[in-house]
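K.L.:
This one is final-v2.csv, CSV, C-alpha atoms.
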```csv
chain,number,residue,atom,x,y,z
S,1042,MET,CA,47.1,-33.4,-53.9
S,1043,LYS,CA,43.5,-34.4,-53.7
S,1044,LYS,CA,44.2,-36.7,-50.9
S,1045,GLU,CA,46.0,-34.0,-48.9
S,1046,ILE,CA,43.1,-31.6,-49.5
S,1047,VAL,CA,40.5,-34.2,-48.3
S,1048,PHE,CA,42.6,-35.0,-45.2
S,1049,GLY,CA,43.1,-31.3,-44.5
S,1050,ILE,CA,39.4,-30.8,-44.6
S,1051,ILE,CA,38.8,-33.8,-42.3
S,1052,LEU,CA,41.3,-32.3,-39.9
S,1053,ILE,CA,39.6,-28.9,-39.9
S,1054,CYS,CA,36.2,-30.7,-39.5
S,1055,ILE,CA,37.5,-32.6,-36.4
S,1056,PHE,CA,38.8,-29.3,-35.0
S,1057,ALA,CA,35.5,-27.6,-35.6
S,1058,LEU,CA,33.6,-30.5,-34.0
S,1059,THR,CA,35.8,-30.2,-30.9
S,1060,PHE,CA,34.6,-26.6,-30.6
S,1061,ALA,CA,31.0,-27.6,-31.2
S,1062,ASN,CA,31.4,-30.1,-28.4
S,1063,ILE,CA,32.7,-27.3,-26.1
S,1064,PHE,CA,29.7,-25.1,-27.1
S,1065,VAL,CA,27.2,-27.9,-26.4
S,1066,LEU,CA,28.7,-28.8,-23.1
S,1067,GLU,CA,28.9,-25.1,-22.1
S,1068,LYS,CA,25.2,-24.6,-23.0
S,1069,MET,CA,24.2,-27.7,-21.0
S,1070,ALA,CA,26.3,-26.7,-18.0
S,1071,LEU,CA,24.8,-23.1,-18.0
S,1072,GLU,CA,21.3,-24.5,-18.1
S,1073,LEU,CA,22.1,-26.9,-15.3
S,1074,SER,CA,23.8,-24.3,-13.2
S,1075,ALA,CA,21.0,-21.9,-13.6
S,1076,LEU,CA,18.5,-24.5,-12.4
S,1077,VAL,CA,20.6,-25.6,-9.5
S,1078,ASP,CA,21.4,-22.0,-8.5
S,1079,GLU,CA,17.7,-21.1,-8.6
S,1080,SER,CA,16.9,-24.2,-6.5
S,1081,MET,CA,19.5,-23.1,-3.9
S,1082,ARG,CA,18.1,-19.6,-3.8
S,1083,SER,CA,14.6,-20.9,-3.3
S,1084,ALA,CA,15.8,-23.2,-0.5
S,1085,GLU,CA,17.6,-20.3,1.2
S,1086,SER,CA,14.3,-18.3,1.1
S,1087,GLY,CA,12.5,-21.2,2.6
S,1088,ASP,CA,10.5,-22.2,-0.5
S,1089,TRP,CA,11.5,-25.9,-0.3
S,1090,GLU,CA,8.9,-27.1,-2.8
S,1091,LYS,CA,10.2,-24.8,-5.6
S,1092,ALA,CA,13.7,-25.7,-4.7
S,1093,GLU,CA,12.9,-29.4,-5.1
S,1094,LYS,CA,11.0,-28.7,-8.3
S,1095,LYS,CA,14.0,-26.9,-9.8
S,1096,ALA,CA,16.5,-29.5,-8.6
S,1097,GLU,CA,14.4,-32.3,-10.2
S,1098,GLU,CA,14.2,-30.3,-13.4
S,1099,ALA,CA,18.0,-30.2,-13.3
S,1100,GLU,CA,18.1,-33.9,-12.7
S,1101,ARG,CA,15.9,-34.5,-15.8
S,1102,LEU,CA,18.1,-32.2,-17.9
S,1103,TRP,CA,21.2,-34.1,-16.7
S,1104,ASP,CA,19.5,-37.5,-17.5
S,1105,LYS,CA,18.5,-36.2,-20.9
S,1106,ALA,CA,22.0,-35.2,-21.7
S,1107,ASP,CA,23.3,-38.7,-20.7
S,1108,PRO,CA,23.6,-40.2,-24.3
S,1109,TYR,CA,25.8,-37.2,-25.3
S,1110,THR,CA,27.9,-36.9,-22.1
S,1111,HIS,CA,28.6,-40.6,-22.1
S,1112,ILE,CA,30.3,-40.3,-25.5
S,1113,PHE,CA,32.1,-37.0,-24.9
S,1114,VAL,CA,32.8,-36.8,-21.2
S,1115,ARG,CA,35.0,-39.1,-19.0
S,1116,HIS,CA,32.7,-41.5,-17.3
S,1117,SER,CA,34.3,-40.8,-13.9
S,1118,GLU,CA,33.3,-37.1,-14.3
S,1119,ILE,CA,29.7,-38.0,-15.1
S,1120,ASP,CA,29.5,-40.3,-12.0
S,1121,THR,CA,30.8,-37.7,-9.6
S,1122,THR,CA,28.5,-35.0,-11.0
S,1123,THR,CA,25.5,-37.4,-10.8
S,1124,ASP,CA,26.5,-38.2,-7.2
S,1125,ALA,CA,26.8,-34.5,-6.3
S,1126,LEU,CA,23.3,-33.9,-7.9
S,1127,TYR,CA,21.7,-36.6,-5.8
S,1128,ASP,CA,23.5,-35.3,-2.7
S,1129,PHE,CA,22.0,-31.9,-3.4
S,1130,LEU,CA,18.5,-33.4,-3.9
S,1131,LYS,CA,18.9,-35.5,-0.7
S,1132,SER,CA,19.7,-32.3,1.3
S,1133,LEU,CA,16.6,-30.6,-0.2
S,1134,TYR,CA,14.3,-33.5,0.6
S,1135,ARG,CA,15.7,-33.5,4.2
S,1136,ARG,CA,15.1,-29.7,4.3
S,1137,ASP,CA,18.7,-29.3,5.4
S,1138,ALA,CA,19.8,-25.8,4.4
S,1139,GLY,CA,23.4,-26.2,5.6
S,1140,GLY,CA,23.8,-29.6,3.8
S,1141,ALA,CA,22.2,-28.2,0.7
S,1142,ARG,CA,24.6,-25.2,0.6
S,1143,GLY,CA,27.6,-27.6,0.8
S,1144,ALA,CA,26.1,-30.0,-1.8
S,1145,HIS,CA,25.3,-27.0,-4.1
S,1146,LYS,CA,28.9,-25.9,-3.9
S,1147,ALA,CA,30.2,-29.3,-4.7
S,1148,LEU,CA,27.7,-29.7,-7.6
S,1149,SER,CA,28.5,-26.3,-9.1
S,1150,ALA,CA,32.2,-27.2,-8.9
S,1151,HIS,CA,31.6,-30.5,-10.8
S,1152,ILE,CA,29.4,-28.9,-13.4
S,1153,SER,CA,32.0,-26.2,-14.1
S,1154,SER,CA,34.8,-28.8,-14.2
S,1155,ILE,CA,33.1,-30.7,-17.0
S,1156,VAL,CA,33.3,-27.5,-19.2
S,1157,SER,CA,36.7,-26.3,-18.0
S,1158,MET,CA,38.2,-29.7,-18.8
S,1159,GLU,CA,37.2,-29.3,-22.4
S,1160,LYS,CA,37.9,-25.6,-22.7
S,1161,ILE,CA,41.1,-24.7,-24.6
S,1162,THR,CA,43.3,-22.8,-22.1
S,1163,LEU,CA,47.0,-22.9,-21.5
S,1164,GLY,CA,46.3,-24.7,-18.2
S,1165,SER,CA,44.2,-27.4,-19.9
S,1166,ILE,CA,46.7,-28.0,-22.7
S,1167,PHE,CA,49.8,-28.2,-20.4
N,754,MET,CA,33.2,-57.5,-21.1
N,755,ALA,CA,30.9,-57.0,-24.1
N,756,ILE,CA,31.9,-53.3,-24.1
N,757,VAL,CA,35.6,-54.2,-24.2
N,758,PHE,CA,34.9,-56.6,-27.1
N,759,ILE,CA,33.1,-54.0,-29.2
N,760,ARG,CA,35.6,-51.3,-28.4
N,761,THR,CA,38.5,-53.6,-29.4
N,762,ILE,CA,36.7,-54.3,-32.7
N,763,ILE,CA,36.2,-50.6,-33.4
N,764,ILE,CA,39.8,-49.6,-32.5
N,765,TYR,CA,41.1,-52.5,-34.6
N,766,ILE,CA,39.2,-51.4,-37.7
N,767,ALA,CA,40.2,-47.8,-37.1
N,768,LEU,CA,43.9,-48.8,-36.8
N,769,ILE,CA,43.7,-51.0,-39.9
N,770,LEU,CA,42.1,-48.2,-41.9
N,771,SER,CA,44.5,-45.5,-40.7
N,772,MET,CA,47.6,-47.7,-41.4
N,773,ARG,CA,46.2,-48.6,-44.8
N,774,LEU,CA,45.6,-45.0,-45.7
N,775,MET,CA,49.1,-44.0,-44.5
N,776,GLY,CA,50.6,-46.4,-47.1
N,777,LYS,CA,52.9,-49.4,-47.3
N,778,ARG,CA,55.9,-47.6,-45.8
N,779,GLN,CA,54.3,-47.9,-42.4
N,780,LEU,CA,55.0,-51.6,-42.6
N,781,GLY,CA,58.6,-51.5,-43.8
N,782,GLU,CA,61.4,-49.2,-42.8
N,783,LEU,CA,60.1,-46.1,-41.2
N,784,GLU,CA,60.9,-42.4,-41.5
N,785,LEU,CA,61.1,-40.4,-38.3
N,786,SER,CA,57.6,-39.0,-38.6
N,787,GLU,CA,56.2,-42.4,-39.4
N,788,VAL,CA,57.9,-43.9,-36.3
N,789,VAL,CA,56.4,-41.2,-34.2
N,790,ILE,CA,52.9,-41.8,-35.6
N,791,THR,CA,53.2,-45.6,-35.3
N,792,VAL,CA,54.3,-45.5,-31.7
N,793,LEU,CA,51.7,-42.9,-30.8
N,794,ILE,CA,48.8,-44.7,-32.4
N,795,ALA,CA,49.7,-48.0,-30.7
N,796,ASP,CA,49.8,-46.1,-27.3
N,797,LEU,CA,46.6,-44.1,-27.9
N,798,ALA,CA,44.6,-47.1,-29.0
N,799,SER,CA,45.4,-49.1,-25.9
N,800,HIS,CA,44.0,-46.6,-23.3
N,801,PRO,CA,40.3,-46.7,-24.2
N,802,LEU,CA,40.6,-50.5,-24.6
N,803,GLN,CA,42.0,-50.9,-21.1
N,804,ASP,CA,39.8,-48.4,-19.3
N,805,ILE,CA,36.1,-48.4,-20.3
N,806,GLY,CA,35.6,-45.2,-18.2
N,807,ILE,CA,37.4,-43.3,-21.0
N,808,PRO,CA,35.1,-42.4,-23.9
N,809,LEU,CA,36.0,-44.4,-27.1
N,810,LEU,CA,36.2,-41.0,-28.9
N,811,ASN,CA,39.2,-40.1,-26.8
N,812,GLY,CA,41.0,-42.9,-28.6
N,813,LEU,CA,39.5,-42.5,-32.0
N,814,ILE,CA,39.8,-38.7,-32.4
N,815,PRO,CA,43.6,-38.7,-31.8
N,816,ILE,CA,44.0,-41.6,-34.3
N,817,ALA,CA,42.0,-39.7,-36.9
N,818,VAL,CA,44.0,-36.5,-36.2
N,819,LEU,CA,47.3,-38.3,-36.4
N,820,MET,CA,46.2,-40.0,-39.7
N,821,CYS,CA,45.3,-36.6,-41.2
N,822,CYS,CA,48.6,-35.1,-40.0
N,823,GLU,CA,50.6,-38.0,-41.5
N,824,VAL,CA,48.9,-37.7,-44.8
N,825,LEU,CA,49.5,-33.9,-44.9
N,826,VAL,CA,53.1,-34.2,-43.8
N,827,ALA,CA,53.7,-37.0,-46.4
N,828,GLY,CA,52.2,-34.6,-49.0
N,829,GLY,CA,54.4,-31.8,-47.9
N,830,VAL,CA,57.4,-34.0,-48.0
N,831,MET,CA,56.6,-35.0,-51.6
N,832,LYS,CA,56.1,-31.4,-52.7
N,833,SER,CA,59.0,-29.5,-51.0
N,834,ILE,CA,62.6,-30.6,-50.6
N,835,LYS,CA,63.1,-28.1,-47.8
N,836,PHE,CA,60.2,-29.5,-45.9
N,837,ARG,CA,61.4,-33.0,-46.5
N,838,ALA,CA,64.8,-32.1,-45.1
N,839,LEU,CA,63.1,-30.5,-42.1
N,840,VAL,CA,60.9,-33.5,-41.3
N,841,CYS,CA,63.0,-36.5,-42.4
N,842,GLY,CA,66.5,-35.0,-42.2
N,843,ARG,CA,69.2,-35.5,-44.9
N,844,PRO,CA,71.2,-38.6,-45.8
N,845,ASN,CA,74.7,-38.5,-44.1
N,846,ILE,CA,77.8,-39.6,-45.9
N,847,ILE,CA,79.6,-41.7,-43.4
N,848,ILE,CA,82.4,-43.1,-45.6
N,849,ARG,CA,83.8,-40.9,-48.4
N,850,ASN,CA,86.4,-42.4,-50.7
N,851,GLY,CA,87.1,-45.2,-48.3
N,852,LYS,CA,87.7,-42.9,-45.4
N,853,ILE,CA,85.3,-42.7,-42.4
N,854,ASP,CA,84.1,-39.2,-41.7
N,855,GLN,CA,84.5,-39.1,-37.9
N,856,LYS,CA,82.6,-35.8,-37.4
N,857,GLU,CA,79.7,-37.2,-39.4
N,858,MET,CA,79.8,-40.4,-37.3
N,859,GLU,CA,79.6,-38.3,-34.1
N,860,ARG,CA,76.8,-36.2,-35.5
N,861,CYS,CA,74.8,-39.3,-36.4
N,862,ARG,CA,75.7,-40.9,-33.0
N,863,LEU,CA,76.9,-43.9,-34.9
N,864,CYS,CA,79.6,-46.0,-33.3
N,865,LEU,CA,82.2,-48.0,-35.1
N,866,ASP,CA,80.7,-51.3,-34.0
N,867,GLU,CA,77.4,-50.4,-35.5
N,868,LEU,CA,79.0,-49.2,-38.7
N,869,THR,CA,81.1,-52.3,-39.2
N,870,GLU,CA,78.2,-54.5,-38.2
N,871,ASP,CA,75.9,-52.9,-40.9
N,872,LEU,CA,78.7,-53.2,-43.5
N,873,ARG,CA,79.3,-56.9,-42.6
N,874,LYS,CA,75.6,-57.5,-43.1
N,875,LYS,CA,75.9,-56.1,-46.6
N,876,GLY,CA,78.9,-58.3,-47.3
N,877,TYR,CA,81.7,-55.9,-46.7
N,878,ALA,CA,84.3,-56.8,-44.1
N,879,ASP,CA,86.9,-54.3,-45.4
N,880,ILE,CA,86.1,-50.6,-45.1
N,881,SER,CA,88.8,-49.7,-47.6
N,882,LYS,CA,86.7,-51.4,-50.4
N,883,ILE,CA,83.8,-49.0,-49.9
N,884,LYS,CA,83.8,-45.7,-51.7
N,885,TYR,CA,80.7,-44.3,-50.1
N,886,ALA,CA,78.6,-45.4,-47.1
N,887,ILE,CA,75.5,-43.3,-46.6
N,888,LEU,CA,73.2,-43.3,-43.6
N,889,GLU,CA,69.7,-42.8,-45.2
N,890,THR,CA,66.9,-40.8,-43.7
N,891,ASP,CA,65.1,-44.0,-42.6
N,892,GLY,CA,68.2,-45.1,-40.6
N,893,THR,CA,69.5,-47.8,-43.0
N,894,LEU,CA,73.1,-47.7,-44.3
N,895,SER,CA,73.7,-47.9,-48.0
N,896,ALA,CA,77.2,-49.1,-49.0
N,897,LEU,CA,78.6,-48.3,-52.5
N,898,PRO,CA,81.9,-50.1,-53.2
N,899,TYR,CA,84.6,-48.9,-55.5
N,900,ALA,CA,84.0,-49.8,-59.2
N,901,SER,CA,86.8,-52.4,-59.0
N,902,GLU,CA,85.0,-54.2,-56.2
N,903,ASN,CA,81.7,-54.4,-58.0
N,904,PRO,CA,80.7,-57.7,-59.4
N,905,PRO,CA,80.9,-57.6,-63.2
N,906,SER,CA,77.5,-57.1,-65.0
N,907,ALA,CA,76.4,-58.9,-68.1
N,908,ALA,CA,76.8,-55.7,-70.1
N,909,ALA,CA,80.3,-55.2,-68.8
N,910,MET,CA,81.2,-58.7,-69.9
N,911,LYS,CA,79.4,-58.2,-73.2
N,912,ILE,CA,77.1,-61.2,-72.6
N,913,GLN,CA,73.7,-61.3,-74.1
N,914,ALA,CA,71.5,-61.8,-71.0
N,915,GLU,CA,67.9,-63.0,-71.2
N,916,ASP,CA,65.5,-60.3,-70.2
N,917,PHE,CA,63.0,-60.8,-67.4
N,918,SER,CA,59.6,-59.7,-66.4
N,919,ILE,CA,57.6,-60.1,-63.2
N,920,PRO,CA,55.6,-63.3,-63.2
N,921,ARG,CA,51.9,-62.8,-62.4
N,922,CYS,CA,50.2,-65.3,-60.3
N,923,VAL,CA,47.1,-66.5,-62.2
N,924,ILE,CA,46.2,-69.5,-59.9
N,925,SER,CA,46.9,-69.5,-56.2
N,926,ASP,CA,46.0,-72.5,-54.2
N,927,GLY,CA,43.3,-73.6,-56.6
N,928,ARG,CA,41.8,-70.1,-57.1
N,929,VAL,CA,41.9,-68.3,-60.4
N,930,ILE,CA,43.0,-64.7,-60.0
N,931,GLU,CA,41.2,-63.1,-62.9
N,932,ARG,CA,42.7,-59.6,-62.4
N,933,MET,CA,46.2,-61.0,-62.9
N,934,LEU,CA,45.0,-63.0,-65.9
N,935,ARG,CA,43.7,-59.8,-67.5
N,936,GLU,CA,46.9,-57.9,-66.6
N,937,SER,CA,49.0,-60.4,-68.4
N,938,GLY,CA,46.7,-60.1,-71.5
N,939,LYS,CA,45.2,-63.6,-71.1
N,940,ASP,CA,41.7,-64.9,-70.6
N,941,MET,CA,40.0,-68.0,-69.2
N,942,ASN,CA,40.1,-69.8,-72.6
N,943,TRP,CA,43.9,-69.5,-72.6
N,944,LEU,CA,44.0,-70.7,-69.0
N,945,LYS,CA,41.8,-73.7,-69.8
N,946,LYS,CA,43.9,-74.6,-72.8
N,947,GLN,CA,47.1,-74.4,-70.7
N,948,LEU,CA,45.5,-76.7,-68.0
N,949,ARG,CA,44.3,-79.1,-70.7
N,950,ASN,CA,47.9,-79.3,-72.1
N,951,ARG,CA,48.9,-80.4,-68.6
N,952,ASN,CA,46.1,-82.9,-68.3
N,953,ILE,CA,44.3,-80.8,-65.7
N,954,ASN,CA,40.5,-80.3,-65.9
N,955,ASP,CA,39.9,-78.0,-63.0
N,956,PRO,CA,41.9,-75.0,-61.7
N,957,ARG,CA,41.3,-76.3,-58.2
N,958,GLU,CA,43.8,-79.1,-58.9
N,959,VAL,CA,46.6,-76.4,-59.3
N,960,TYR,CA,48.6,-75.2,-56.4
N,961,TYR,CA,50.5,-72.3,-58.1
N,962,MET,CA,50.7,-71.0,-61.6
N,963,THR,CA,52.4,-67.9,-62.9
N,964,VAL,CA,52.9,-66.4,-66.3
N,965,ASP,CA,55.2,-63.5,-67.3
N,966,ASP,CA,55.4,-61.1,-70.3
N,967,PHE,CA,57.4,-63.7,-72.3
N,968,ASP,CA,54.7,-66.3,-71.8
N,969,ARG,CA,57.0,-68.3,-69.5
N,970,ILE,CA,54.8,-70.4,-67.2
N,971,TYR,CA,55.6,-71.8,-63.8
N,972,PHE,CA,53.2,-74.6,-62.9
N,973,LEU,CA,52.8,-76.6,-59.8
N,974,GLU,CA,50.1,-79.2,-59.3
N,975,LYS,CA,48.4,-79.7,-55.9
N,976,GLU,CA,49.7,-82.7,-54.0
N,977,LYS,CA,47.1,-85.5,-53.7
N,978,LYS,CA,45.9,-86.0,-50.2
```
Give the structure from the file, written as structure tokens.

P.N.:
Amino acid sequence: MKKEIVFGIILICIFALTFANIFVLEKMALELSALVDESMRSAESGDWEKAEKKAEEAERLWDKADPYTHIFVRHSEIDTTTDALYDFLKSLYRRDAGGARGAHKALSAHISSIVSMEKITLGSIF
Amino acid sequence: MAIVFIRTIIIYIALILSMRLMGKRQLGELELSEVVITVLIADLASHPLQDIGIPLLNGLIPIAVLMCCEVLVAGGVMKSIKFRALVCGRPNIIIRNGKIDQKEMERCRLCLDELTEDLRKKGYADISKIKYAILETDGTLSALPYASENPPSAAAMKIQAEDFSIPRCVISDGRVIERMLRESGKDMNWLKKQLRNRNINDPREVYYMTVDDFDRIYFLEKEKK
């Protein structure tokens, strides 16, 4: 019976850890989205310097999360998000408002897909 | 390449550990749940090995989860007969009093060729000599012949048969297995004495040596190279 109890506890711990992972990813995605959205708003109001600063902050945050995301997120998802982030930065450096809007949409979609992939929904299960 | 190498080592250790914890049955005849687990684990382990873009945890977590499930299911099977019947099924009597139960054959999706083949493997060519044949939950067929077809036992023939015990290997390929020596109630002094009696000075000269509960010794010296 001891063995069953131990393995039952391990199973519960793994289940709890999967929820902790969702929580960590969600928190990171929220922070990242907030920075990217603020950067886009600044770009639309013509404050390109602030937009660049916020986007670079988002880039640093994404880089900082790399050791974690590499373990828990599919590497292809990480690569596409990184590419989208650099596309957004590129548009900001070029002062291209239209390009930035498109890149921002793509980046936001990638960030939310990282979380939605891990979230427990009927759609994600089936 | 180095990543693939390291991942292979990690997955290998994880598989060995999980199979070891699941018990010996995984290696022999499998119950239904065990077959499922074994097939799943083999498949799950291969994906992160082949594709380094998939996090290793995607392979390790399912293995850990399956291992826990298997231990819990095995525990449930031990504790509850109903649960055992639910997970493993029940044994099916295929032949009853020498007569094949055709409905049961159909239910078990067992054809006559398979039945007769299994019986032949067990040494029975004539179905009428079998009182019961039972399809066990692990898929093996047990055949129980009529009493008249059973070979006579020593007790039935009133013969005084010599009892037996399992021989314990105390020297294997020159290495003394002290645990076995202790289990058989012997020590190194006894072993040295036995070797001296056989003109052996060093256990490394012995290929195989066993002793049973009746102090019967099997001894085989290493061949000279």

K.L.:
What's the separation between atom CA of Leu802 of chain N and atom CA of Met1158 of chain S, in Å to one decimal place?

P.N.:
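Interatomic distance here is 21.7 Å.
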
K.L.:
Show me the residues around (93.9, -49.5, -50.7) - criterion: an atom at most 9 Å away, only C-alpha atoms counted - as a list in words.

P.N.:
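I get Gly851, Ser881 and Lys882 of chain N for the residues within 9 Å of that point.
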
K.L.:
For those residues, write C-alpha atoms to a file as a CSV table (one decimal), keeping the file's coordinate frame.

P.N.:
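Writing done, so here's out-v8.csv:
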```csv
chain,number,residue,atom,x,y,z
N,851,GLY,CA,87.1,-45.2,-48.3
N,881,SER,CA,88.8,-49.7,-47.6
N,882,LYS,CA,86.7,-51.4,-50.4
```

K.L.:
Pick out the chain S residues within 12 Å of chain N. Count all atoms listed in the file. Give them as a PyMOL selection string.

P.N.:
chain S and resi 1042-1056+1058-1059+1062+1108-1120+1159

K.L.:
If we count all atoms listed in the file, what is near segment 1139-1153 of chain S at a cut-off of 6 Å, once residues fewer than 2 positions away on the same chain are taken out, given as a list of chain:residue names?

P.N.:
S:Ala1070, S:Thr1122, S:Ala1125, S:Asp1128, S:Phe1129, S:Ser1132, S:Asp1137, S:Ile1155, S:Val1156

K.L.:
Separation of atom CA of Ile848 of chain N and atom CA of Glu787 of chain N, in Å?

P.N.:
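We find that atom CA of Ile848 of chain N and atom CA of Glu787 of chain N lie 26.9 Å from each other.
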
K.L.:
Just give me the gap between atom CA of Glu1072 of chain S and atom CA of Gly812 of chain N in Å, one decimal is fine.

P.N.:
28.9 Å

K.L.:
Could you give me, as a ChimeraX atom specification, the residues within 9 Å of Val840 of chain N, counting all atoms listed in the file and dropping anything in the same chain fewer than 5 positions from it?

P.N.:
/N:784-786,826,830,835

K.L.:
Give me the residues within 12 Å of Ile880 of chain N as a PyMOL selection string, counting all atoms listed in the file and dropping any in the same chain fewer than 6 places off.

P.N.:
chain N and resi 847-853+865+868-873+886+896-899+902

K.L.:
Fewer than 6 positions away in the same chain doesn't count, so skip those; otherwise give me all residues within 8 Å of segment 1083-1089 of chain S, counting all atoms listed in the file, as a list in words.

P.N.:
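With the cut-off at 8 Å, the set is Leu1133, Arg1136 and Ala1138 of chain S.
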
K.L.:
With C-alpha atoms retained, could you export that selection as a PDB file, keeping the file's coordinate frame?

P.N.:
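Okay, this is what ended up in again38.pdb:
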```pdb
ATOM      1  CA  LEU S1133      16.600 -30.600  -0.200  1.00  0.00           C
ATOM      2  CA  ARG S1136      15.100 -29.700   4.300  1.00  0.00           C
ATOM      3  CA  ALA S1138      19.800 -25.800   4.400  1.00  0.00           C
TER       4      ALA S1138
END
```

K.L.:
For Glu1097 of chain S, work out the shell of residues within 12 Å, counting all atoms listed in the file and skipping chain neighbours fewer than 5 positions away, then give it as a PyMOL selection string.

P.N.:
chain S and resi 1073+1076-1077+1079-1080+1090-1092+1102-1104+1126-1127+1129-1131+1133-1134
